[in-house]
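Structure record follows, encoded as structure tokens.
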Amino acid sequence: MTLLHRSLVAIAISASLAGCYTDTEATVPMPEKPEPLQPLPAEEISLEIGDSIVNAMKESVAITTLEGEEKRVNVETFKGIEYATQTRFAHSITKELEENVNATAFGEACMQVRSTTQYQSEDCLNLNIWRPAGVDAGADLPVYVFIHGGDFEYGSGSDDIVHGDTIVAQGVDGNEPFIYVSINYRLGQLGTLWIDNDDLEVGHKDGNFGIGDQKRALEWVHNNIAEFGGSTTNVTVMGQGSGAMSIGFLQQDDEIAGNYFQRAIMQSNSYGFEYPTYELAKKQKERFESTVDEIINAPDFEAPENDVEIIKQAQAQALSGLEQLKNWLLGSLSISLSLGGEDADGIVAVSNQTPMSNLMPFAPYLACESSEMTEDSEVVCVESTQSPMNTSLSVPTVLGTNANEVNSSGMLFSVTFLIPTILELMSNDDPDVMYSDDSAQVALKALEWLDDERNIALVESTLANMTADDFAAQEGLSLSAYGVVTDLFFGLKTDINADIGKFLTCIIFNDTLECLSENVDIKMSGHEQIDTALNLTDFYPKSEAALGDAIDNMGKFKTLLNDTLFDGPARHMAATSENAATLYRFDKKPSFNVYNYNTGENSSWDILDVFKTIGCISGACTGSELPFVFNKPMRLDGSAINPNSGEKTLMNEMSRMWFSQALFNNFQYTGAGSDNVLVIDGEQSFNKNTATTYDWDSIANEGIDPKLINGRLTGLENEQLMPWQWYLAPNEEETQE
């Protein structure tokens, strides 16, 4: 995008922001409103829970009934109960409830690079329970277990926005009492690290320690919740973002699904995401170990008191915007180089079809299911577990998406504005780079340019001097960048005409980038599926001749990702499920921004935080539904918001519906023929006859292209452009051809 266009877009966005957030005092005095009802002070209580004495808190919660009446309801809270013990880079072990338990304060948060309200520790496997006051053991109340989101990098079960006090109090008021549980699980590099399966007799284990922690939490709930008054046969596991992605894995475990939970709610599960394979996870571990070595061997290194700080430093480096950008670009170029490559024993190495996993570096990987021994006594994985996209819903499930998921998705982060920014800086030395549509050459030049520390410093300086309006303006992608970024997001196909043995030797023993640069016979192109998609009218690139065309291109890019990563896969999972499924769509555009991380005038900002905050200005992005689900008028960081009267009503209604049997019974998806979707837009009540939209795809997603005119999701599926039809197709050999 040219500087002129960027400035004009920034002005336009500034004007729109001013309109959204101006708070002008009324010139006519408003009638005084009575002060809202306040909760009574909390008090500590001591309760017999099974064979244990547990100190907990009795809390007064002020709620508003559906009739508009304010009232107080008492709930009991048990905070920071340890459910498992852990050893670093090993799976956790479920812990029994101790004889005496102090559950009056939240436990420590799991280690992460973000700041948290609670102190961070590796000993963080604790959970919190909210229940109606006075519930006896054996009351057999329904149980909801919540798994927080945060891209597998950050978050906590004690975050203010997911507290269960209000929803549990509302359940009491509505005569549908239940128990709510929130959990912590290990995050970042401590939550997932490749494990070598070199002993075939032991069986295959994985290094998805965070997912393992979630299983232990569900096991603890199964073993203990009856003593708190909960049912062991009516447990709903629910999660948002990466929490919902986790449930995709949990539904595959026969020991967990159907046994430790009987229903599921998945909010914003990006089923179209391609998780790292066993082999790719191994490469990611090697990258992590290399980063740790660099930190330790740096001239100014000072050994910390706790060596976990070194892990956090390596994790922070992996999450920095420029580092992720470089890993993503290199992954885009080399993604197909290992496909079809055979070693001396003829064993095919299984790798990823796309570079997506570089954009969510701590996502779980697909564990190894089948190994073979080479003549050199090396164990090689030849078959990984299936992606959740290739399995089915094992329990009755509610799943759905928000209208603008990719605006804040960890898979998109900031590359969409970093690429145009870097191209603009590169054009000072190479003017043609701004107009190139050769994705491989753009990526190679960008990687070579970013290999110079002086250029890195230039980028950092440029970003540091950009205002929020500048960031907002960079949401527009140029014609060149739109096509390039789309190609690189899904990875490039490689056609190797050079000596294959010489080339593979180069890849194995030398730097991949050097091999790509020197082997001129290597030709790369985008996937034919992407070429097909970009030739459809709805996604066809526009030039920058007009001011709005760059922003239009960005809109097309986001729409394509929303359709293929979120909406299409969720609809497919509901349509093909043998168990009852409810498909919902959160279309409510909030008057507030759920993100507000480190963007104050004097705050130290992070690229990812700024991008997410800017991306969530104009729609329902990932996480926007949480204030409505939990009836909490606050942002993700716990800061307060001031919802309008309509939003308060929707919060009151949606939070009650979400924790009721009606959500599962009244809106079941009956297939693509009727395409009945629960649409939440704030304009309709949760009455079955008014909240359900039939023929949803054709009505809500009507395309322009004749192939998409009956609904983009239907059209993209007919054109074989959905992830389960190509890069997530079950038969890997076919997809590699």
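Identifiers for the structure tokens are assigned positionally: chains receive A, B, ... in sequence, residues are indexed from 1 per chain, and ligands are indexed from 1 in the order shown.
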(message) Residues near Cys368 in chain A, anyone? I mean within 9 Å using only C-alpha atoms, not counting same-chain ones fewer than 4 positions away, as a list in words.
(response)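 Everything that qualifies: Asn197, His204, Lys205, Asp206, Thr277, Tyr278, Glu279, Cys381, Val382, Glu383, Ser384 and Thr385 of chain A.
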Would you mind exporting C-alpha atoms of the selected residues as an mmCIF file, in the first residue's frame?
data_model
loop_
_atom_site.group_PDB
_atom_site.id
_atom_site.type_symbol
_atom_site.label_atom_id
_atom_site.label_comp_id
_atom_site.auth_asym_id
_atom_site.auth_seq_id
_atom_site.Cartn_x
_atom_site.Cartn_y
_atom_site.Cartn_z
ATOM 1 C CA ASN A 197 9.272 -42.630 20.503
ATOM 2 C CA HIS A 204 3.635 -44.381 21.539
ATOM 3 C CA LYS A 205 3.425 -41.406 23.839
ATOM 4 C CA ASP A 206 3.209 -37.756 22.929
ATOM 5 C CA THR A 277 2.843 -33.885 12.479
ATOM 6 C CA TYR A 278 5.192 -35.951 14.621
ATOM 7 C CA GLU A 279 8.099 -35.213 12.269
ATOM 8 C CA CYS A 381 7.149 -42.584 12.450
ATOM 9 C CA VAL A 382 5.178 -43.628 9.371
ATOM 10 C CA GLU A 383 1.659 -42.815 10.573
ATOM 11 C CA SER A 384 0.405 -40.058 12.858
ATOM 12 C CA THR A 385 -2.932 -39.777 14.616
#
Tell me, as a PDB file with N, CA and C atoms, in the first residue's frame, which residues lie within 10 Å of Val221 in chain A, counting only C-alpha atoms; anything in the same chain fewer than 4 positions away does not count.
ATOM      1  N   TYR A  83      -5.419 -30.402  41.252  1.00  0.00           N
ATOM      2  CA  TYR A  83      -6.005 -31.641  40.716  1.00  0.00           C
ATOM      3  C   TYR A  83      -4.956 -32.632  40.238  1.00  0.00           C
ATOM      4  N   LEU A 127      -7.764 -26.120  39.857  1.00  0.00           N
ATOM      5  CA  LEU A 127      -9.074 -25.816  39.291  1.00  0.00           C
ATOM      6  C   LEU A 127      -9.921 -25.060  40.296  1.00  0.00           C
ATOM      7  N   ILE A 129     -14.110 -24.231  41.500  1.00  0.00           N
ATOM      8  CA  ILE A 129     -15.481 -24.750  41.456  1.00  0.00           C
ATOM      9  C   ILE A 129     -16.434 -23.688  42.004  1.00  0.00           C
ATOM     10  N   VAL A 143     -22.823 -30.607  35.479  1.00  0.00           N
ATOM     11  CA  VAL A 143     -21.498 -30.024  35.674  1.00  0.00           C
ATOM     12  C   VAL A 143     -20.976 -29.495  34.339  1.00  0.00           C
ATOM     13  N   VAL A 145     -17.398 -27.973  32.685  1.00  0.00           N
ATOM     14  CA  VAL A 145     -15.959 -27.796  32.881  1.00  0.00           C
ATOM     15  C   VAL A 145     -15.435 -26.946  31.728  1.00  0.00           C
ATOM     16  N   VAL A 181     -16.899 -25.503  36.673  1.00  0.00           N
ATOM     17  CA  VAL A 181     -15.494 -25.738  37.001  1.00  0.00           C
ATOM     18  C   VAL A 181     -14.630 -25.087  35.926  1.00  0.00           C
ATOM     19  N   LYS A 215      -6.988 -33.801  30.496  1.00  0.00           N
ATOM     20  CA  LYS A 215      -7.553 -35.135  30.752  1.00  0.00           C
ATOM     21  C   LYS A 215      -7.517 -35.462  32.234  1.00  0.00           C
ATOM     22  N   ARG A 216      -6.426 -35.089  32.891  1.00  0.00           N
ATOM     23  CA  ARG A 216      -6.320 -35.352  34.333  1.00  0.00           C
ATOM     24  C   ARG A 216      -7.333 -34.503  35.112  1.00  0.00           C
ATOM     25  N   ALA A 217      -7.579 -33.289  34.662  1.00  0.00           N
ATOM     26  CA  ALA A 217      -8.584 -32.453  35.324  1.00  0.00           C
ATOM     27  C   ALA A 217      -9.966 -33.082  35.203  1.00  0.00           C
ATOM     28  N   ILE A 225     -16.392 -34.955  41.891  1.00  0.00           N
ATOM     29  CA  ILE A 225     -17.451 -33.941  41.811  1.00  0.00           C
ATOM     30  C   ILE A 225     -18.734 -34.363  42.502  1.00  0.00           C
ATOM     31  N   ALA A 226     -18.986 -35.664  42.650  1.00  0.00           N
ATOM     32  CA  ALA A 226     -20.202 -36.114  43.344  1.00  0.00           C
ATOM     33  C   ALA A 226     -20.210 -35.635  44.794  1.00  0.00           C
ATOM     34  N   GLU A 227     -19.023 -35.553  45.414  1.00  0.00           N
ATOM     35  CA  GLU A 227     -18.937 -35.087  46.798  1.00  0.00           C
ATOM     36  C   GLU A 227     -19.271 -33.603  46.907  1.00  0.00           C
ATOM     37  N   PHE A 228     -19.149 -32.885  45.789  1.00  0.00           N
ATOM     38  CA  PHE A 228     -19.524 -31.470  45.760  1.00  0.00           C
ATOM     39  C   PHE A 228     -20.981 -31.276  45.324  1.00  0.00           C
ATOM     40  N   GLY A 230     -22.229 -32.743  42.375  1.00  0.00           N
ATOM     41  CA  GLY A 230     -22.333 -32.818  40.927  1.00  0.00           C
ATOM     42  C   GLY A 230     -22.557 -34.224  40.404  1.00  0.00           C
ATOM     43  N   SER A 231     -23.004 -34.305  39.167  1.00  0.00           N
ATOM     44  CA  SER A 231     -23.251 -35.581  38.510  1.00  0.00           C
ATOM     45  C   SER A 231     -22.007 -36.009  37.739  1.00  0.00           C
ATOM     46  N   THR A 232     -21.682 -37.287  37.767  1.00  0.00           N
ATOM     47  CA  THR A 232     -20.562 -37.813  36.973  1.00  0.00           C
ATOM     48  C   THR A 232     -21.024 -38.270  35.594  1.00  0.00           C
ATOM     49  N   VAL A 235     -21.783 -34.353  32.515  1.00  0.00           N
ATOM     50  CA  VAL A 235     -20.678 -33.402  32.489  1.00  0.00           C
ATOM     51  C   VAL A 235     -20.537 -32.854  31.075  1.00  0.00           C
ATOM     52  N   TYR A 260     -15.673 -39.373  30.913  1.00  0.00           N
ATOM     53  CA  TYR A 260     -15.449 -38.242  31.808  1.00  0.00           C
ATOM     54  C   TYR A 260     -16.262 -37.012  31.397  1.00  0.00           C
ATOM     55  N   PHE A 261     -16.750 -36.974  30.181  1.00  0.00           N
ATOM     56  CA  PHE A 261     -17.716 -35.947  29.788  1.00  0.00           C
ATOM     57  C   PHE A 261     -18.677 -36.543  28.775  1.00  0.00           C
TER      58      PHE A 261
END
Write down as a PDB file with N, CA, C and O atoms, in the first residue's frame the residues belonging to range 611-702 of chain A that are assigned strand (DSSP E) by DSSP computed on the backbone.
ATOM      1  N   VAL A 677     -29.394 -22.935  11.575  1.00  0.00           N
ATOM      2  CA  VAL A 677     -28.321 -22.449  12.434  1.00  0.00           C
ATOM      3  C   VAL A 677     -28.896 -21.492  13.465  1.00  0.00           C
ATOM      4  O   VAL A 677     -29.728 -20.630  13.137  1.00  0.00           O
ATOM      5  N   LEU A 678     -28.449 -21.634  14.711  1.00  0.00           N
ATOM      6  CA  LEU A 678     -28.810 -20.703  15.772  1.00  0.00           C
ATOM      7  C   LEU A 678     -27.984 -19.435  15.576  1.00  0.00           C
ATOM      8  O   LEU A 678     -26.770 -19.429  15.771  1.00  0.00           O
ATOM      9  N   VAL A 679     -28.638 -18.361  15.150  1.00  0.00           N
ATOM     10  CA  VAL A 679     -27.949 -17.100  14.872  1.00  0.00           C
ATOM     11  C   VAL A 679     -28.167 -16.146  16.040  1.00  0.00           C
ATOM     12  O   VAL A 679     -29.313 -15.854  16.416  1.00  0.00           O
ATOM     13  N   ILE A 680     -27.072 -15.662  16.615  1.00  0.00           N
ATOM     14  CA  ILE A 680     -27.123 -14.764  17.762  1.00  0.00           C
ATOM     15  C   ILE A 680     -26.681 -13.387  17.288  1.00  0.00           C
ATOM     16  O   ILE A 680     -25.495 -13.147  17.035  1.00  0.00           O
ATOM     17  N   THR A 692     -33.590 -19.361  15.000  1.00  0.00           N
ATOM     18  CA  THR A 692     -33.045 -20.275  13.999  1.00  0.00           C
ATOM     19  C   THR A 692     -33.177 -19.684  12.602  1.00  0.00           C
ATOM     20  O   THR A 692     -34.245 -19.234  12.203  1.00  0.00           O
ATOM     21  N   THR A 693     -32.054 -19.693  11.862  1.00  0.00           N
ATOM     22  CA  THR A 693     -32.064 -19.295  10.460  1.00  0.00           C
ATOM     23  C   THR A 693     -31.945 -20.543   9.600  1.00  0.00           C
ATOM     24  O   THR A 693     -30.980 -21.307   9.731  1.00  0.00           O
TER      25      THR A 693
END
(request) Name all residues at most 10 Å from Asp675 in chain A (count only C-alpha atoms; drop same-chain ones fewer than 6 positions away) and give them as number ranges by chain. (result) A: 571, 575, 583, 669, 692-698
How about saving the chosen residues, C-alpha atoms kept, as a tab-separated table (two decimals), in the first residue's frame?
chain	number	residue	atom	x	y	z
A	571	ARG	CA	-20.73	-26.80	9.38
A	575	ALA	CA	-23.58	-32.13	9.13
A	583	LEU	CA	-24.53	-25.20	15.02
A	669	TYR	CA	-28.69	-29.12	13.26
A	692	THR	CA	-33.05	-20.27	14.00
A	693	THR	CA	-32.06	-19.29	10.46
A	694	TYR	CA	-32.87	-21.91	7.83
A	695	ASP	CA	-30.90	-22.12	4.57
A	696	TRP	CA	-28.27	-20.22	6.53
A	697	ASP	CA	-25.42	-20.50	4.02
A	698	SER	CA	-27.45	-19.28	1.05
Which residues of range 121-226 of chain A come within 12 Å of range 49-52 of chain A, and for each one, what is the closest pair of atoms and their distance in Å to one decimal, counting only C-alpha atoms, sorted by chain and residue number, as a tab-separated table?
residue	atom	partner	partner_atom	distance
A:Val135	CA	A:Ile49	CA	10.9
A:Asp136	CA	A:Ile49	CA	9.2
A:Ala137	CA	A:Ile49	CA	7.7
A:Gly138	CA	A:Gly50	CA	10.6
A:Asn223	CA	A:Gly50	CA	11.1
A:Asn224	CA	A:Gly50	CA	8.4
A:Ile225	CA	A:Ile49	CA	9.6
A:Ala226	CA	A:Gly50	CA	9.0
(request) Pick out the closest residue to Gly331 in chain A from this set: A:Gly400, A:Gly491, A:Pro364, A:Pro304. Count only C-alpha atoms. (result)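 Looking at the shortest contact to Gly331 in chain A, the residue is A:Gly491.
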Report as a tab-separated table (two decimals) with N, CA and C atoms, in the first residue's frame: the residues of range 299-330 of chain A with a DSSP assignment of helix (DSSP H, G or I), based on the backbone of this structure.
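So the final result, stored in part03.tsv, reads:
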chain	number	residue	atom	x	y	z
A	308	VAL	N	13.58	-22.10	34.43
A	308	VAL	CA	12.37	-22.00	33.62
A	308	VAL	C	12.32	-20.63	32.93
A	309	GLU	N	13.02	-19.65	33.48
A	309	GLU	CA	13.06	-18.32	32.86
A	309	GLU	C	13.74	-18.38	31.49
A	310	ILE	N	14.68	-19.30	31.32
A	310	ILE	CA	15.33	-19.47	30.02
A	310	ILE	C	14.32	-20.00	29.01
A	311	ILE	N	13.48	-20.93	29.46
A	311	ILE	CA	12.43	-21.47	28.59
A	311	ILE	C	11.48	-20.35	28.20
A	312	LYS	N	11.12	-19.50	29.15
A	312	LYS	CA	10.22	-18.39	28.85
A	312	LYS	C	10.86	-17.41	27.86
A	313	GLN	N	12.15	-17.19	27.99
A	313	GLN	CA	12.83	-16.30	27.04
A	313	GLN	C	12.80	-16.89	25.64
A	314	ALA	N	13.04	-18.19	25.54
A	314	ALA	CA	13.00	-18.85	24.22
A	314	ALA	C	11.59	-18.80	23.65
A	315	GLN	N	10.60	-18.96	24.52
A	315	GLN	CA	9.21	-18.90	24.08
A	315	GLN	C	8.86	-17.50	23.61
A	316	ALA	N	9.30	-16.50	24.35
A	316	ALA	CA	9.02	-15.12	23.95
A	316	ALA	C	9.64	-14.81	22.60
A	317	GLN	N	10.84	-15.34	22.37
A	317	GLN	CA	11.49	-15.11	21.08
A	317	GLN	C	10.70	-15.78	19.96
A	318	ALA	N	10.21	-17.00	20.22
A	318	ALA	CA	9.43	-17.71	19.21
A	318	ALA	C	8.13	-16.99	18.89
A	319	LEU	N	7.60	-16.24	19.87
A	319	LEU	CA	6.33	-15.56	19.68
A	319	LEU	C	6.48	-14.13	19.17
A	321	GLY	N	6.82	-11.13	16.69
A	321	GLY	CA	6.21	-11.04	15.37
A	321	GLY	C	7.16	-11.33	14.24
A	322	LEU	N	8.38	-10.77	14.28
A	322	LEU	CA	9.32	-10.97	13.18
A	322	LEU	C	9.84	-12.40	13.14
A	323	GLU	N	10.03	-13.02	14.30
A	323	GLU	CA	10.49	-14.41	14.32
A	323	GLU	C	9.43	-15.33	13.73
A	324	GLN	N	8.17	-15.12	14.12
A	324	GLN	CA	7.09	-15.91	13.54
A	324	GLN	C	6.98	-15.67	12.04
A	325	LEU	N	7.18	-14.43	11.64
A	325	LEU	CA	7.12	-14.11	10.21
A	325	LEU	C	8.18	-14.90	9.44
A	326	LYS	N	9.41	-14.92	9.95
A	326	LYS	CA	10.48	-15.64	9.26
A	326	LYS	C	10.20	-17.13	9.23
A	327	ASN	N	9.75	-17.70	10.34
A	327	ASN	CA	9.45	-19.14	10.37
A	327	ASN	C	8.31	-19.47	9.42
A	328	TRP	N	7.33	-18.57	9.34
A	328	TRP	CA	6.20	-18.80	8.44
A	328	TRP	C	6.63	-18.73	6.98
A	329	LEU	N	7.44	-17.74	6.64
A	329	LEU	CA	7.92	-17.63	5.26
A	329	LEU	C	8.75	-18.83	4.87
A	330	LEU	N	9.68	-19.24	5.74
A	330	LEU	CA	10.52	-20.39	5.43
A	330	LEU	C	9.68	-21.65	5.34
(message) What does the structure give for the distance between CA of Asn390 in chain A and CA of Ala363 in chain A, in Å to one decimal?
(response) 17.3 Å
(request) Kindly give the distance, in Å, that separates CA of Met389 in chain A and CA of Tyr271 in chain A, rounded to a single decimal. (result)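 CA of Tyr271 in chain A lies at a distance of 5.6 Å from CA of Met389 in chain A.
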(request) May I ask for the distance between CA of Asn407 in chain A and CA of Thr622 in chain A, given in Å to one decimal place? (result)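 Straight-line distance from CA of Asn407 in chain A to CA of Thr622 in chain A works out to 7.5 Å.
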(request) Considering only C-alpha atoms, state which residue in the set A:Asn306, A:Thr192, A:Glu48, A:Gly164 is at the smallest distance from Ser121 in chain A. (result)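 Closest to Ser121 in chain A, using only C-alpha atoms: A:Asn306.
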(message) Please list as a PyMOL selection string every residue within 9 Å of Gly155 in chain A, counting only C-alpha atoms and excluding residues in the same chain fewer than 6 positions away.
(response) chain A and resi 109-110+112+114+116+148-149+184+187
(request) For Pro723 in chain A, please output as an NGL selection string all residues within 8 Å (counting only C-alpha atoms; exclusion window: fewer than 2 positions along the same chain). (result) :A and (272 or 564-565 or 569 or 721 or 725-729)
(message) I need the residue nearest Leu536 in chain A from this list: A:Arg131, A:Lys445, A:Lys282, A:Arg712. Use only C-alpha atoms for the distance.
(response) A:Arg712
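Residue nearest Gly212 in chain A, chosen from A:Val101, A:Ala84, A:Val433, A:Leu393 and counting only C-alpha atoms: A:Ala84.
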(message) I want to know what sits within 9 Å of range 33-43 of chain A, based on only C-alpha atoms, with residues of the same chain fewer than 3 positions away left out; could you give that as a list in words?
(response)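 Here the qualifying residues turn out to be Met30, Ala56, Met57, Lys58, Glu59, Ser60, Val61, Ala62, Ile63, Glu70, Lys71, Arg72 and Val73 of chain A.
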(message) Could you list, as a count of residues only, every residue within 7 Å of Ile147 in chain A, counting only C-alpha atoms and ignoring same-chain residues fewer than 3 positions away?
(response) 5
(request) Would you mind telling me which residue in A:Asn269, A:Asn55, A:Gln252, A:Ser387 lies nearest to Trp724 in chain A when using only C-alpha atoms? (result)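 Closest candidate: A:Ser387.
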